[in-house]
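Novice: One structure, pasted below without further comment.
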2 protein chains.
Amino acid sequence: MNLSLTQIKTQFQELGIKSTIPRVVIYQSLAKAMHHPSAEEIHLSIQKKYPGVSLATVYKTLDMLVQKSLASKVVTDEDKVRYDSKMEPHIHLYCEKTQKIMDYDDQELAELIAGHFTKKGITNFKINRIQVNIKGESKTIKNK
Amino acid sequence: MNLSLTQIKTQFQELGIKSTIPRVVIYQSLAKAMHHPSAEEIHLSIQKKYPGVSLATVYKTLDMLVQKSLASKVVTDEDKVRYDSKMEPHIHLYCEKTQKIMDYDDQELAELIAGHFTKKGITNFKINRIQVNIKGESKTIKNK
DNA sequence: TTAAAATTGATAAATATTATCTATTTATTG
DNA sequence: CAATAAATAGATAATATTTATCAATTTTAA
């Protein structure tokens, strides 16, 4: 999602987040990215335009965004954490060959699962969020 | 699952895994544990009886077990990897308060989801495994 | 414009995991 | 059983990611 600096500042204000250049830029980069970037990737992506922003600030800002529910952590089999600014429920497809993560929207499945638990429930557990991850391989189109 | 040393040795032999004391003991500890232990927890758990076994060996052995499909990695929001020796498909309940992971078997849900994808499919993606994680809070029994 | 409070950036520290390399152990063969 | 080749273990160094520290800077509010 492409967000303007003004849009972000407004959004921050509504949530009581102090607007600083690093924060706005980091969130803009995350929101634009389609590939669930790591802290370091975000740091790199803003290097050219904002060389001053440190990696520590990127980490602190990402944590803050997660706290404020503007982003979520995506843990993977790699040893680093990735981030996602798409907060609507969606499924992640993990390609085991390329380690890439793709988004997959499936409203029907979401309802199917939610319905199952509404009907059946889980004893002694309060469900906040249901995550579905699919692991496999993305088929690329061979010899056109 | 409680496995005897002999059972494990036999299982290793069948899979072409060389039986060493550290390996057998590590796998036994993992198989017995119900709490999805980390490498360090496994290392601790065998300290008393087998003080010689190093943490490096625990890591190497766990990797090997994952390669041989005797265990799987469980990534969490914590910054360490946990391991699971239960290889049958099952759901993990993540308690966001205690960070504890509980197993939850729900054959019906598994079939529901599998059926959904059989019917609907995902374009350009070969599904190997479907993981369902449920995040929330485990309700403990208050004031008996 | 000023002042208090919060944030930043540079760097050190902590933590988890992997790599290296020699000594030991295992499995095999005679 | 003994000898041997191959694989593994253990100690430790190295790497990588993330967090903590703290003075300097920036923001917000008055």
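Please note that chains go A, B, ... in the order of the structure tokens, that every chain numbers its residues from 1, and that ligands are numbered from 1 in the order shown.
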Using only C-alpha atoms (C1' of nucleotides) and a distance of at most 9 Å, pull out the residues of chain A that contact chain C, as a list in words.

Specialist: Lys18, Thr20, Pro22, Gly52, Val53, Ser54, Leu55, Ala56, Thr57 and Asp79 of chain A

Novice: Just asking: which residues within chain A are strand (DSSP E or B) according to DSSP, as an NGL selection string?

Specialist: :A and (38 or 72-74 or 82-84 or 91-95 or 101-104 or 125-138)

Novice: Find the nearest atom pair between each residue of chain B and chain A for residues within 7 Å, count only C-alpha atoms, give distances in Å to one decimal, sort rows by chain and ascending number, and present the table as a Markdown table.

Specialist:
```
| residue | atom | partner | partner_atom | distance |
| --- | --- | --- | --- | --- |
| B:Val75 | CA | A:Val75 | CA | 6.5 |
| B:Thr76 | CA | A:Val75 | CA | 6.6 |
| B:Asp77 | CA | A:Val75 | CA | 6.6 |
| B:Asn124 | CA | A:Lys139 | CA | 4.9 |
| B:Phe125 | CA | A:Ser138 | CA | 4.4 |
| B:Lys126 | CA | A:Glu137 | CA | 5.1 |
| B:Ile127 | CA | A:Gly136 | CA | 4.6 |
| B:Asn128 | CA | A:Gly136 | CA | 4.5 |
| B:Arg129 | CA | A:Lys135 | CA | 5.1 |
| B:Ile130 | CA | A:Ile134 | CA | 4.6 |
| B:Gln131 | CA | A:Asn133 | CA | 5.0 |
| B:Val132 | CA | A:Val132 | CA | 4.6 |
| B:Asn133 | CA | A:Gln131 | CA | 5.0 |
| B:Ile134 | CA | A:Ile130 | CA | 4.6 |
| B:Lys135 | CA | A:Arg129 | CA | 5.1 |
| B:Gly136 | CA | A:Asn128 | CA | 4.5 |
| B:Glu137 | CA | A:Lys126 | CA | 5.1 |
| B:Ser138 | CA | A:Phe125 | CA | 4.4 |
| B:Lys139 | CA | A:Asn124 | CA | 4.9 |
```

Novice: Contacts between chain B and chain D, please, where a residue of chain D counts if it comes within 9 Å (with only C-alpha atoms (C1' of nucleotides)); show its shortest atom pair and distance in Å to one decimal, rows by chain and ascending number, as a Markdown table.

Specialist:
```
| residue | atom | partner | partner_atom | distance |
| --- | --- | --- | --- | --- |
| D:DA7 | C1' | B:Lys18 | CA | 8.5 |
| D:DT8 | C1' | B:Thr20 | CA | 8.2 |
| D:DA9 | C1' | B:Thr57 | CA | 6.6 |
| D:DG10 | C1' | B:Ser54 | CA | 6.0 |
| D:DA11 | C1' | B:Ser54 | CA | 8.5 |
| D:DT18 | C1' | B:Asp79 | CA | 8.5 |
```

Novice: Would you export the selected residues with C-alpha atoms (C1' of nucleotides) as a CSV table (one decimal), in the first residue's frame, please?

Specialist:
```csv
chain,number,residue,atom,x,y,z
D,7,DA,C1',31.8,-40.1,11.2
D,8,DT,C1',30.7,-37.6,15.3
D,9,DA,C1',31.6,-35.0,19.6
D,10,DG,C1',33.2,-31.3,22.3
D,11,DA,C1',35.5,-27.0,23.1
D,18,DT,C1',18.3,-8.2,18.3
```

Novice: Which residues are close to Ser72 of chain B, i.e. within 10 Å by only C-alpha atoms (C1' of nucleotides), leaving aside same-chain residues fewer than 5 positions away? Reply as JSON, numbers by chain.

Specialist: {"B": [36, 62, 63, 65, 66, 67, 82, 83, 84, 85, 86, 87]}

Novice: Using DSSP on the backbone coordinates, identify all residues within segment 24-78 of chain B classified as helix (DSSP H, G or I); present the result as a ChimeraX atom specification.

Specialist: /B:24-32,39-47,55-67

Novice: So how many Å separate atom CA of Asn2 of chain A and atom C1' of DT27 of chain D, to one decimal?

Specialist: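 Between atom CA of Asn2 of chain A and atom C1' of DT27 of chain D the gap is 25.6 Å.
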
Novice: When you draw a straight line from atom CA of His92 of chain A to atom CA of Asp105 of chain A, how long is it in Å?

Specialist: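 Taking atom CA of His92 of chain A as the start and atom CA of Asp105 of chain A as the end point, the length is 8.8 Å.
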